[in-house]
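So this one's data_6.json, JSON, C-alpha atoms:
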[["chain", "number", "residue", "atom", "x", "y", "z"],
["W", 9, "MET", "CA", -11.03, 7.42, -67.21],
["W", 10, "GLY", "CA", -10.14, 4.36, -69.26],
["W", 11, "HIS", "CA", -13.60, 4.38, -70.86],
["W", 12, "GLY", "CA", -12.69, 7.66, -72.57],
["W", 13, "GLY", "CA", -9.37, 6.47, -73.96],
["W", 14, "GLY", "CA", -10.41, 5.15, -77.37],
["W", 15, "GLY", "CA", -9.39, 1.55, -76.62],
["W", 16, "ALA", "CA", -11.17, -1.66, -75.67],
["W", 17, "MET", "CA", -12.98, -0.06, -72.72],
["W", 18, "SER", "CA", -14.38, 2.71, -74.96],
["W", 19, "ALA", "CA", -15.56, 0.12, -77.48],
["W", 20, "GLU", "CA", -17.32, -1.86, -74.75],
["W", 21, "LEU", "CA", -19.07, 1.29, -73.54],
["W", 22, "VAL", "CA", -20.41, 2.03, -77.03],
["W", 23, "GLU", "CA", -21.32, -1.56, -77.87],
["W", 24, "ASN", "CA", -22.98, -2.46, -74.55],
["W", 25, "ILE", "CA", -24.69, 0.78, -73.54],
["W", 26, "PHE", "CA", -25.00, 3.44, -76.22],
["W", 27, "ALA", "CA", -25.57, 1.39, -79.38],
["W", 28, "PRO", "CA", -28.38, -0.73, -77.86],
["W", 29, "ALA", "CA", -30.02, 2.34, -76.35],
["W", 30, "PHE", "CA", -29.95, 4.20, -79.67],
["W", 31, "GLY", "CA", -31.15, 1.25, -81.72],
["W", 32, "GLY", "CA", -27.73, 0.51, -83.23],
["W", 33, "ALA", "CA", -24.93, 2.95, -84.06],
["W", 34, "GLN", "CA", -24.00, 2.85, -87.73],
["W", 35, "ALA", "CA", -20.91, 4.99, -87.18],
["W", 36, "ALA", "CA", -19.60, 3.17, -84.11],
["W", 37, "LEU", "CA", -16.47, 2.06, -85.96],
["W", 38, "ARG", "CA", -16.15, 5.13, -88.17],
["W", 39, "ASP", "CA", -15.07, 8.72, -87.66],
["W", 40, "SER", "CA", -18.36, 10.02, -89.08],
["W", 41, "ALA", "CA", -21.77, 8.81, -90.21],
["W", 42, "GLU", "CA", -22.69, 8.71, -93.88],
["W", 43, "LEU", "CA", -26.18, 10.03, -94.62],
["W", 44, "THR", "CA", -28.26, 10.64, -97.72],
["W", 45, "LEU", "CA", -30.36, 13.81, -97.80],
["W", 46, "GLY", "CA", -32.12, 15.13, -100.89],
["W", 47, "GLY", "CA", -29.96, 12.95, -103.10],
["W", 48, "ALA", "CA", -26.69, 14.24, -101.60],
["W", 49, "ARG", "CA", -24.26, 12.04, -99.68],
["W", 50, "LEU", "CA", -23.30, 13.76, -96.45],
["W", 51, "ALA", "CA", -20.78, 12.97, -93.75],
["W", 52, "PHE", "CA", -21.87, 14.03, -90.25],
["W", 53, "SER", "CA", -19.74, 13.95, -87.12],
["W", 54, "THR", "CA", -19.59, 15.33, -83.60],
["W", 55, "ASP", "CA", -16.76, 15.47, -81.08],
["W", 56, "SER", "CA", -16.15, 16.87, -77.60],
["W", 57, "PHE", "CA", -12.90, 18.37, -76.32],
["W", 58, "VAL", "CA", -11.76, 18.35, -72.70],
["W", 59, "VAL", "CA", -7.99, 18.69, -73.15],
["W", 60, "ARG", "CA", -5.84, 19.87, -70.28],
["W", 61, "PRO", "CA", -4.04, 22.30, -70.52],
["W", 62, "LEU", "CA", -6.16, 24.49, -72.79],
["W", 63, "PHE", "CA", -3.08, 25.80, -74.63],
["W", 64, "PHE", "CA", -0.08, 23.64, -75.47],
["W", 65, "PRO", "CA", 2.89, 23.73, -77.89],
["W", 66, "GLY", "CA", 1.47, 23.66, -81.41],
["W", 67, "GLY", "CA", -2.17, 24.36, -80.62],
["W", 68, "SER", "CA", -5.05, 24.79, -78.20],
["W", 69, "ILE", "CA", -8.45, 23.38, -77.36],
["W", 70, "GLY", "CA", -9.83, 25.76, -80.01],
["W", 71, "ASP", "CA", -7.61, 24.33, -82.73],
["W", 72, "LEU", "CA", -8.50, 20.78, -81.68],
["W", 73, "ALA", "CA", -12.23, 21.52, -81.72],
["W", 74, "VAL", "CA", -12.10, 22.63, -85.35],
["W", 75, "ASN", "CA", -9.44, 20.31, -86.73],
["W", 76, "GLY", "CA", -10.73, 17.24, -84.91],
["W", 77, "THR", "CA", -14.17, 17.43, -86.49],
["W", 78, "VAL", "CA", -12.83, 18.51, -89.89],
["W", 79, "ASN", "CA", -10.57, 15.45, -89.83],
["W", 80, "ASP", "CA", -13.36, 13.08, -88.82],
["W", 81, "LEU", "CA", -15.30, 14.24, -91.87],
["W", 82, "ALA", "CA", -12.22, 13.99, -94.09],
["W", 83, "MET", "CA", -11.84, 10.31, -93.15],
["W", 84, "SER", "CA", -15.10, 9.73, -95.06],
["W", 85, "GLY", "CA", -13.67, 11.66, -98.01],
["W", 86, "ALA", "CA", -15.87, 14.68, -97.26],
["W", 87, "SER", "CA", -14.78, 18.29, -97.37],
["W", 88, "ALA", "CA", -16.10, 19.92, -94.19],
["W", 89, "THR", "CA", -18.43, 22.81, -94.88],
["W", 90, "TYR", "CA", -20.22, 23.84, -91.68],
["W", 91, "LEU", "CA", -19.56, 23.38, -87.98],
["W", 92, "SER", "CA", -21.57, 23.96, -84.83],
["W", 93, "CYS", "CA", -19.92, 24.87, -81.55],
["W", 94, "GLY", "CA", -21.13, 24.10, -78.03],
["W", 95, "VAL", "CA", -19.25, 25.84, -75.21],
["W", 96, "ILE", "CA", -19.40, 24.83, -71.53],
["W", 97, "LEU", "CA", -17.75, 27.39, -69.27],
["W", 98, "GLU", "CA", -16.89, 27.02, -65.61],
["W", 99, "GLU", "CA", -17.99, 29.88, -63.36],
["W", 100, "GLY", "CA", -15.01, 32.16, -62.75],
["W", 101, "VAL", "CA", -13.08, 31.45, -65.93],
["W", 102, "GLU", "CA", -11.42, 34.62, -67.20],
["W", 103, "MET", "CA", -13.12, 36.30, -70.16],
["W", 104, "ALA", "CA", -9.71, 36.95, -71.68],
["W", 105, "LEU", "CA", -9.08, 33.19, -71.75],
["W", 106, "VAL", "CA", -12.47, 32.58, -73.37],
["W", 107, "GLY", "CA", -11.57, 35.19, -75.96],
["W", 108, "ARG", "CA", -8.24, 33.51, -76.73],
["W", 109, "VAL", "CA", -9.96, 30.17, -77.28],
["W", 110, "ALA", "CA", -12.60, 31.78, -79.52],
["W", 111, "GLN", "CA", -9.92, 33.52, -81.58],
["W", 112, "ALA", "CA", -8.03, 30.23, -81.96],
["W", 113, "MET", "CA", -11.21, 28.51, -83.14],
["W", 114, "GLY", "CA", -11.91, 31.24, -85.66],
["W", 115, "ALA", "CA", -8.39, 31.15, -87.07],
["W", 116, "ALA", "CA", -8.46, 27.35, -87.34],
["W", 117, "ALA", "CA", -11.84, 27.44, -89.09],
["W", 118, "ARG", "CA", -10.62, 29.98, -91.64],
["W", 119, "ALA", "CA", -7.49, 27.95, -92.29],
["W", 120, "ALA", "CA", -9.58, 24.80, -92.82],
["W", 121, "GLY", "CA", -12.08, 26.59, -95.08],
["W", 122, "VAL", "CA", -15.05, 25.82, -92.84],
["W", 123, "ALA", "CA", -17.67, 28.11, -91.26],
["W", 124, "VAL", "CA", -18.90, 27.96, -87.65],
["W", 125, "VAL", "CA", -22.57, 28.71, -88.20],
["W", 126, "THR", "CA", -24.44, 27.86, -84.98],
["W", 127, "GLY", "CA", -23.72, 27.14, -81.34],
["W", 128, "ASP", "CA", -24.73, 27.13, -77.71],
["W", 129, "THR", "CA", -23.21, 28.29, -74.41],
["W", 130, "LYS", "CA", -23.73, 26.92, -70.90],
["W", 131, "VAL", "CA", -22.11, 27.83, -67.59],
["W", 132, "VAL", "CA", -21.59, 25.39, -64.69],
["W", 133, "GLU", "CA", -20.79, 26.24, -61.08],
["W", 134, "ALA", "CA", -17.19, 26.71, -59.96],
["W", 135, "GLY", "CA", -15.63, 23.36, -59.18],
["W", 136, "HIS", "CA", -17.92, 21.48, -61.61],
["W", 137, "GLY", "CA", -15.88, 21.99, -64.76],
["W", 138, "ASP", "CA", -12.32, 22.56, -65.86],
["W", 139, "GLY", "CA", -12.40, 26.06, -67.31],
["W", 140, "ILE", "CA", -13.67, 25.39, -70.83],
["W", 141, "TYR", "CA", -15.09, 22.34, -72.59],
["W", 142, "LEU", "CA", -16.02, 22.44, -76.27],
["W", 143, "ASN", "CA", -18.18, 20.36, -78.58],
["W", 144, "THR", "CA", -18.23, 20.69, -82.35],
["W", 145, "ALA", "CA", -20.38, 18.94, -84.94],
["W", 146, "GLY", "CA", -19.83, 19.18, -88.67],
["W", 147, "ILE", "CA", -21.22, 18.23, -92.04],
["W", 148, "GLY", "CA", -19.64, 17.88, -95.47],
["W", 149, "LEU", "CA", -20.37, 16.46, -98.90],
["W", 150, "ILE", "CA", -18.89, 13.11, -99.94],
["W", 151, "PRO", "CA", -17.70, 13.20, -103.59],
["W", 152, "PRO", "CA", -19.18, 10.74, -106.11],
["W", 153, "GLY", "CA", -17.30, 7.46, -106.36],
["W", 154, "VAL", "CA", -15.75, 7.71, -102.90],
["W", 155, "ASP", "CA", -16.55, 4.80, -100.56],
["W", 156, "LEU", "CA", -14.38, 4.75, -97.45],
["W", 157, "HIS", "CA", -15.30, 2.14, -94.85],
["W", 158, "PRO", "CA", -13.26, 0.06, -92.38],
["W", 159, "GLN", "CA", -14.87, -3.05, -93.86],
["W", 160, "ARG", "CA", -13.28, -2.34, -97.27],
["W", 161, "ALA", "CA", -9.77, -3.28, -96.16],
["W", 162, "VAL", "CA", -8.72, -6.43, -98.04],
["W", 163, "PRO", "CA", -5.60, -8.63, -98.17],
["W", 164, "GLY", "CA", -3.02, -6.98, -100.40],
["W", 165, "ASP", "CA", -3.85, -3.42, -99.34],
["W", 166, "VAL", "CA", -0.84, -1.27, -98.52],
["W", 167, "VAL", "CA", -0.91, 0.57, -95.18],
["W", 168, "ILE", "CA", 0.43, 4.12, -95.27],
["W", 169, "VAL", "CA", 0.81, 6.65, -92.45],
["W", 170, "SER", "CA", 0.98, 10.33, -93.40],
["W", 171, "GLY", "CA", 3.90, 11.29, -91.17],
["W", 172, "GLU", "CA", 5.71, 11.06, -87.86],
["W", 173, "ILE", "CA", 3.58, 9.72, -85.02],
["W", 174, "GLY", "CA", 3.20, 10.48, -81.31],
["W", 175, "LEU", "CA", 3.85, 14.22, -81.35],
["W", 176, "HIS", "CA", 0.51, 15.38, -79.91],
["W", 177, "GLY", "CA", 0.42, 13.06, -76.92],
["W", 178, "VAL", "CA", 4.02, 13.75, -75.94],
["W", 179, "ALA", "CA", 3.55, 17.53, -76.36],
["W", 180, "ILE", "CA", 0.54, 17.44, -74.02],
["W", 181, "MET", "CA", 2.40, 15.34, -71.47],
["W", 182, "SER", "CA", 5.46, 17.58, -71.52],
["W", 183, "VAL", "CA", 3.54, 20.71, -70.56],
["W", 184, "ARG", "CA", 1.04, 19.00, -68.26],
["W", 185, "GLU", "CA", 3.69, 17.31, -66.15],
["W", 186, "GLY", "CA", 6.39, 19.95, -66.56],
["W", 187, "LEU", "CA", 8.76, 17.47, -68.19],
["W", 188, "GLU", "CA", 11.87, 18.51, -70.09],
["W", 189, "PHE", "CA", 13.13, 16.20, -72.83],
["W", 190, "GLY", "CA", 16.01, 18.41, -73.99],
["W", 191, "VAL", "CA", 14.15, 19.50, -77.13],
["W", 192, "GLY", "CA", 10.86, 21.27, -77.77],
["W", 193, "ILE", "CA", 8.02, 19.00, -78.90],
["W", 194, "SER", "CA", 4.96, 20.52, -80.58],
["W", 195, "SER", "CA", 1.60, 18.97, -81.35],
["W", 196, "ASP", "CA", 0.91, 17.98, -84.95],
["W", 197, "CYS", "CA", -2.62, 19.45, -84.72],
["W", 198, "ALA", "CA", -3.77, 20.23, -88.29],
["W", 199, "ALA", "CA", -6.76, 19.97, -90.63],
["W", 200, "LEU", "CA", -6.29, 17.07, -93.06],
["W", 201, "GLY", "CA", -8.96, 17.94, -95.64],
["W", 202, "GLY", "CA", -6.47, 19.21, -98.21],
["W", 203, "LEU", "CA", -4.27, 16.13, -97.88],
["W", 204, "VAL", "CA", -7.25, 13.81, -98.38],
["W", 205, "THR", "CA", -8.33, 15.80, -101.44],
["W", 206, "ALA", "CA", -4.85, 15.33, -102.93],
["W", 207, "MET", "CA", -5.03, 11.60, -102.29],
["W", 208, "LEU", "CA", -8.49, 11.25, -103.82],
["W", 209, "ALA", "CA", -7.30, 13.15, -106.89],
["W", 210, "VAL", "CA", -5.01, 10.19, -107.61],
["W", 211, "THR", "CA", -7.82, 7.67, -107.23],
["W", 212, "PRO", "CA", -11.23, 7.73, -105.53],
["W", 213, "ASP", "CA", -10.73, 4.02, -104.82],
["W", 214, "LEU", "CA", -9.03, 4.42, -101.46],
["W", 215, "HIS", "CA", -10.35, 1.71, -99.13],
["W", 216, "VAL", "CA", -9.99, 3.11, -95.60],
["W", 217, "LEU", "CA", -8.86, 6.34, -93.97],
["W", 218, "ARG", "CA", -8.58, 6.83, -90.22],
["W", 219, "ASP", "CA", -7.04, 9.54, -88.06],
["W", 220, "PRO", "CA", -5.24, 7.83, -85.16],
["W", 221, "THR", "CA", -6.15, 10.09, -82.26],
["W", 222, "ARG", "CA", -6.96, 8.43, -78.91],
["W", 223, "GLY", "CA", -5.22, 5.08, -78.70],
["W", 224, "GLY", "CA", -2.81, 6.08, -81.46],
["W", 225, "VAL", "CA", -1.94, 4.12, -84.59],
["W", 226, "ALA", "CA", -2.30, 0.82, -82.73],
["W", 227, "ALA", "CA", -5.97, 1.43, -81.88],
["W", 228, "ALA", "CA", -6.82, 2.61, -85.39],
["W", 229, "LEU", "CA", -5.25, -0.43, -87.05],
["W", 230, "ASN", "CA", -6.84, -2.89, -84.64],
["W", 231, "GLU", "CA", -10.29, -1.40, -85.18],
["W", 232, "ILE", "CA", -9.92, -1.64, -88.96],
["W", 233, "ALA", "CA", -8.55, -5.20, -88.83],
["W", 234, "ALA", "CA", -11.44, -6.31, -86.64],
["W", 235, "ALA", "CA", -14.08, -4.59, -88.78],
["W", 236, "ALA", "CA", -12.76, -6.03, -92.05],
["W", 237, "GLY", "CA", -11.74, -9.45, -90.74],
["W", 238, "VAL", "CA", -8.19, -9.09, -92.07],
["W", 239, "GLY", "CA", -4.75, -9.25, -90.55],
["W", 240, "VAL", "CA", -2.25, -6.41, -90.62],
["W", 241, "VAL", "CA", 1.52, -6.91, -90.73],
["W", 242, "LEU", "CA", 3.69, -3.90, -89.94],
["W", 243, "THR", "CA", 7.39, -3.37, -90.52],
["W", 244, "GLU", "CA", 8.43, -1.76, -87.26],
["W", 245, "ARG", "CA", 11.52, 0.02, -88.61],
["W", 246, "SER", "CA", 9.37, 1.70, -91.31],
["W", 247, "ILE", "CA", 7.08, 3.43, -88.80],
["W", 248, "PRO", "CA", 8.16, 7.09, -88.66],
["W", 249, "VAL", "CA", 8.77, 7.96, -85.00],
["W", 250, "PRO", "CA", 10.70, 11.23, -84.49],
["W", 251, "PRO", "CA", 13.74, 10.87, -82.20],
["W", 252, "GLU", "CA", 12.34, 13.25, -79.60],
["W", 253, "VAL", "CA", 9.15, 11.17, -79.31],
["W", 254, "ALA", "CA", 11.12, 7.91, -79.19],
["W", 255, "ASN", "CA", 13.36, 9.28, -76.43],
["W", 256, "ALA", "CA", 10.45, 10.66, -74.41],
["W", 257, "CYS", "CA", 8.54, 7.39, -74.69],
["W", 258, "ALA", "CA", 11.63, 5.42, -73.64],
["W", 259, "ILE", "CA", 11.98, 7.57, -70.52],
["W", 260, "LEU", "CA", 8.29, 7.29, -69.64],
["W", 261, "GLY", "CA", 7.82, 3.63, -70.56],
["W", 262, "LEU", "CA", 5.35, 4.36, -73.38],
["W", 263, "ASP", "CA", 4.96, 2.84, -76.84],
["W", 264, "PRO", "CA", 4.70, 5.51, -79.59],
["W", 265, "MET", "CA", 2.19, 3.28, -81.40],
["W", 266, "TYR", "CA", -0.33, 4.02, -78.64],
["W", 267, "VAL", "CA", 0.33, 7.77, -78.32],
["W", 268, "ALA", "CA", -2.30, 10.15, -79.73],
["W", 269, "ASN", "CA", -1.94, 12.15, -82.94],
["W", 270, "GLU", "CA", -4.03, 15.10, -84.14],
["W", 271, "GLY", "CA", -2.67, 15.76, -87.63],
["W", 272, "LYS", "CA", -1.96, 12.33, -89.07],
["W", 273, "LEU", "CA", -3.94, 9.71, -90.97],
["W", 274, "VAL", "CA", -3.62, 6.02, -91.72],
["W", 275, "ALA", "CA", -4.65, 4.86, -95.21],
["W", 276, "PHE", "CA", -5.41, 1.40, -96.61],
["W", 277, "VAL", "CA", -4.73, 1.70, -100.33],
["W", 278, "PRO", "CA", -5.03, -0.89, -103.14],
["W", 279, "ARG", "CA", -1.52, -2.00, -104.02],
["W", 280, "GLU", "CA", -1.81, -0.84, -107.64],
["W", 281, "HIS", "CA", -2.42, 2.74, -106.49],
["W", 282, "ALA", "CA", -0.09, 2.83, -103.48],
["W", 283, "GLU", "CA", 2.97, 4.33, -105.17],
["W", 284, "ALA", "CA", 1.01, 7.16, -106.81],
["W", 285, "VAL", "CA", -0.95, 7.91, -103.61],
["W", 286, "LEU", "CA", 2.26, 7.99, -101.57],
["W", 287, "ALA", "CA", 3.83, 10.43, -104.05],
["W", 288, "ALA", "CA", 0.78, 12.71, -103.84],
["W", 289, "MET", "CA", 0.93, 12.63, -100.05],
["W", 290, "ARG", "CA", 4.62, 13.51, -99.99],
["W", 291, "ALA", "CA", 3.96, 16.45, -102.32],
["W", 292, "HIS", "CA", 1.56, 17.92, -99.72],
["W", 293, "PRO", "CA", 2.95, 19.77, -96.66],
["W", 294, "LEU", "CA", 1.01, 17.54, -94.25],
["W", 295, "GLY", "CA", 2.21, 14.35, -95.90],
["W", 296, "ALA", "CA", 5.88, 15.15, -96.57],
["W", 297, "ARG", "CA", 7.03, 12.37, -94.21],
["W", 298, "ALA", "CA", 4.43, 9.82, -95.36],
["W", 299, "ALA", "CA", 5.63, 6.21, -95.31],
["W", 300, "VAL", "CA", 4.46, 2.70, -96.13],
["W", 301, "ILE", "CA", 4.38, 0.85, -92.81],
["W", 302, "GLY", "CA", 2.76, -2.48, -93.66],
["W", 303, "GLU", "CA", 0.14, -4.46, -95.53],
["W", 304, "CYS", "CA", -3.14, -6.32, -95.14],
["W", 305, "VAL", "CA", -2.99, -10.11, -95.09],
["W", 306, "ALA", "CA", -5.48, -12.96, -94.96],
["W", 307, "GLU", "CA", -3.68, -14.60, -92.03],
["W", 308, "HIS", "CA", -4.56, -13.94, -88.37],
["W", 309, "PRO", "CA", -7.79, -11.99, -89.10],
["W", 310, "GLY", "CA", -8.51, -9.18, -86.67],
["W", 311, "MET", "CA", -4.92, -9.12, -85.41],
["W", 312, "VAL", "CA", -2.12, -6.58, -85.95],
["W", 313, "VAL", "CA", 1.48, -7.76, -85.71],
["W", 314, "ALA", "CA", 4.80, -5.99, -86.19],
["W", 315, "ARG", "CA", 8.03, -7.42, -87.57],
["W", 316, "THR", "CA", 10.81, -6.12, -85.35],
["W", 317, "ALA", "CA", 14.28, -4.98, -86.34],
["W", 318, "LEU", "CA", 15.68, -8.17, -84.79],
["W", 319, "GLY", "CA", 13.62, -10.37, -87.09],
["W", 320, "GLY", "CA", 10.99, -11.35, -84.56],
["W", 321, "THR", "CA", 7.27, -10.63, -84.52],
["W", 322, "ARG", "CA", 5.19, -9.01, -81.79],
["W", 323, "VAL", "CA", 1.45, -8.56, -81.42],
["W", 324, "VAL", "CA", 0.23, -4.95, -81.42],
["W", 325, "ASP", "CA", -2.88, -5.22, -79.26],
["W", 326, "LEU", "CA", -5.82, -2.88, -78.98],
["W", 327, "PRO", "CA", -5.10, -0.71, -75.92],
["W", 328, "LEU", "CA", -7.34, -1.26, -72.91],
["W", 329, "GLY", "CA", -7.74, 2.40, -72.04],
["W", 330, "GLU", "CA", -5.52, 5.43, -72.62],
["W", 331, "GLN", "CA", -1.87, 5.90, -71.67],
["W", 332, "LEU", "CA", -2.53, 9.61, -71.21],
["W", 333, "PRO", "CA", -6.10, 10.86, -70.57],
["W", 334, "ARG", "CA", -7.53, 14.25, -71.52],
["W", 335, "ILE", "CA", -5.42, 14.68, -74.66],
["W", 336, "CYS", "CA", -8.25, 16.02, -76.86]]

Starting from the coordinates I provided, produce the structure as structure tokens.
Amino acid sequence: MGHGGGGAMSAELVENIFAPAFGGAQAALRDSAELTLGGARLAFSTDSFVVRPLFFPGGSIGDLAVNGTVNDLAMSGASATYLSCGVILEEGVEMALVGRVAQAMGAAARAAGVAVVTGDTKVVEAGHGDGIYLNTAGIGLIPPGVDLHPQRAVPGDVVIVSGEIGLHGVAIMSVREGLEFGVGISSDCAALGGLVTAMLAVTPDLHVLRDPTRGGVAAALNEIAAAAGVGVVLTERSIPVPPEVANACAILGLDPMYVANEGKLVAFVPREHAEAVLAAMRAHPLGARAAVIGECVAEHPGMVVARTALGGTRVVDLPLGEQLPRIC
């Protein structure tokens, strides 16, 4: 299960098995591939969804299947245009449940301004699935002048997160395990295309965008630091963790930095544009709680560290696997 968690084990799987077999994977460290076709720059991405349970506070597997792929494309600066949908059903799953998932997908697609234009359906024997699995692939156009790559992070860049972290993972855990934390926690599942458009309207010269899903903010920052050969220094008290997530993580022995998100992004922004980009983010509903959480430095390349409230420093490692599997 750890190989599906978005951490070091996932990276080893891609680097040692899939990339060599496919002749090299250009998008291994990115949320989507960048392609040129007929003179147009396209972003292309695919994602599979095996979340359990299928419906949870704030969303469903249908919402994730649309928003997850839309967000992967948005991290390249592309506005998603078309999606495909592959559906794997387990024998015996109720048609009413399939209908609910389909309706959720349709509503999410309309909200994100994207069309589901092709698909496929397969059925596996009872006991060989988990009700419903989904796969979506998507394409979108990358605007001229936009060049978002993990390798573009440079010392001096300001690191911004678009809002409170950890909500999705804790929401899934609360319903899966029947835990009560004294307050309702809902997933942050959302399509980020509009937020990215608002940021690019300030300047197309954003360096890196990443949505911190599996492995959380810690995994995203470590991957970027390693790809660019830079260090990242975080100010721990500046990281927006909602009280309900902090309390739940304290009870369960989890670190919110490693908990999955489905409606947040991390941005590496040139310092001269950071204030204007942050203002544009806060003016958008999905970025109202955006915050500067750190900066890129030349020291300790490939490493992420956090300055604690007590004045010390701790290393924020790449997670080995996943604290909570099957979250997307």

Hey, could you make a per-residue contact list for stretch 109-187 of chain W against stretch 70-83 of chain W with 9 Å as the cut-off, showing the nearest pair of atoms and its distance in Å to one decimal, counting all atoms listed in the file, sorted by chain and number, as a tab-separated table?
residue	atom	partner	partner_atom	distance
W:Val109	CA	W:Gly70	CA	5.2
W:Ala110	CA	W:Gly70	CA	6.6
W:Gln111	CA	W:Gly70	CA	7.9
W:Ala112	CA	W:Gly70	CA	5.2
W:Met113	CA	W:Gly70	CA	4.4
W:Gly114	CA	W:Gly70	CA	8.1
W:Ala115	CA	W:Asp71	CA	8.1
W:Ala116	CA	W:Asp71	CA	5.6
W:Ala117	CA	W:Val74	CA	6.1
W:Ala120	CA	W:Asn75	CA	7.6
W:Val122	CA	W:Val78	CA	8.2
W:Val124	CA	W:Val74	CA	8.9
W:Leu142	CA	W:Ala73	CA	6.7
W:Asn143	CA	W:Ala73	CA	6.8
W:Thr144	CA	W:Ala73	CA	6.1
W:Ala145	CA	W:Thr77	CA	6.6
W:Gly146	CA	W:Thr77	CA	6.3
W:Ile147	CA	W:Leu81	CA	7.1
W:Gly148	CA	W:Leu81	CA	6.7
W:Leu149	CA	W:Leu81	CA	8.9
W:Ile150	CA	W:Leu81	CA	8.9
W:Leu156	CA	W:Met83	CA	7.5

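Taking atom CA of W:Val274 and atom CA of W:Val225 as the two end points, the separation is 7.6 Å.
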
Quick one: residues within 10 Å of W:Ala209, all atoms listed in the file, excluding same-chain residues fewer than 6 positions away - as a ChimeraX atom specification?
/W:203,285,288

Tell me which protein, DNA and RNA residues are within 9 Å of W:Val249, counting only C-alpha atoms, leaving out same-chain ones fewer than 6 positions away, and put them as number ranges by chain.
W: 171-175, 264-265

Point-to-point distance in Å for atom CA of W:Met311 and atom CA of W:Pro158:
14.2 Å

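Residue nearest W:Ala287, chosen from W:Leu318, W:Cys257, W:Val216, W:Ala206 and counting only C-alpha atoms: W:Ala206.
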
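Remark: for W:Val305, the closest of the candidate residues W:Gly67, W:Pro152, W:Gly177, W:Pro163 is W:Pro163 (distances computed over all atoms listed in the file).
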
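The coordinates place atom CA of W:Ser194 at 17.9 Å from atom CA of W:Ala258.
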
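Candidate residues W:Arg218, W:Arg184, W:Arg60, W:His308 were compared for distance to W:Phe276, and the nearest is W:Arg218, using all atoms listed in the file.
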
Any idea what's packed within 9 Å of W:Gly239, counting only C-alpha atoms, ignoring anything in its chain fewer than 4 positions away? Could you give it as a PyMOL selection string?
chain W and resi 162-163+230+233-234+303-313

Please rebuild stretch 216-220 of chain W with all heavy atoms and return the result as a tab-separated table (two decimals), in the coordinates of the input.
chain	number	residue	atom	x	y	z
W	216	VAL	N	-9.73	2.66	-96.98
W	216	VAL	CA	-9.99	3.11	-95.60
W	216	VAL	C	-9.08	4.29	-95.29
W	216	VAL	O	-7.90	4.28	-95.65
W	216	VAL	CB	-9.72	1.99	-94.57
W	216	VAL	CG1	-10.23	2.42	-93.18
W	216	VAL	CG2	-10.33	0.67	-94.98
W	217	LEU	N	-9.64	5.27	-94.59
W	217	LEU	CA	-8.86	6.34	-93.97
W	217	LEU	C	-9.25	6.42	-92.50
W	217	LEU	O	-10.43	6.28	-92.17
W	217	LEU	CB	-9.10	7.69	-94.64
W	217	LEU	CG	-8.69	7.87	-96.10
W	217	LEU	CD1	-9.04	9.28	-96.57
W	217	LEU	CD2	-7.21	7.59	-96.30
W	218	ARG	N	-8.28	6.68	-91.65
W	218	ARG	CA	-8.58	6.83	-90.22
W	218	ARG	C	-7.55	7.76	-89.61
W	218	ARG	O	-6.36	7.65	-89.90
W	218	ARG	CB	-8.53	5.47	-89.54
W	218	ARG	CG	-8.74	5.49	-88.02
W	218	ARG	CD	-10.13	5.95	-87.64
W	218	ARG	NE	-11.17	5.10	-88.16
W	218	ARG	CZ	-11.67	4.02	-87.54
W	218	ARG	NH1	-11.18	3.64	-86.39
W	218	ARG	NH2	-12.65	3.33	-88.08
W	219	ASP	N	-8.01	8.71	-88.77
W	219	ASP	CA	-7.04	9.54	-88.06
W	219	ASP	C	-6.81	8.94	-86.68
W	219	ASP	O	-7.73	8.75	-85.90
W	219	ASP	CB	-7.48	11.01	-88.00
W	219	ASP	CG	-8.80	11.23	-87.30
W	219	ASP	OD1	-9.64	10.31	-87.29
W	219	ASP	OD2	-9.01	12.33	-86.76
W	220	PRO	N	-5.56	8.58	-86.38
W	220	PRO	CA	-5.24	7.83	-85.16
W	220	PRO	C	-5.08	8.76	-83.96
W	220	PRO	O	-3.96	9.09	-83.55
W	220	PRO	CB	-3.93	7.13	-85.53
W	220	PRO	CG	-3.28	8.05	-86.51
W	220	PRO	CD	-4.39	8.72	-87.28
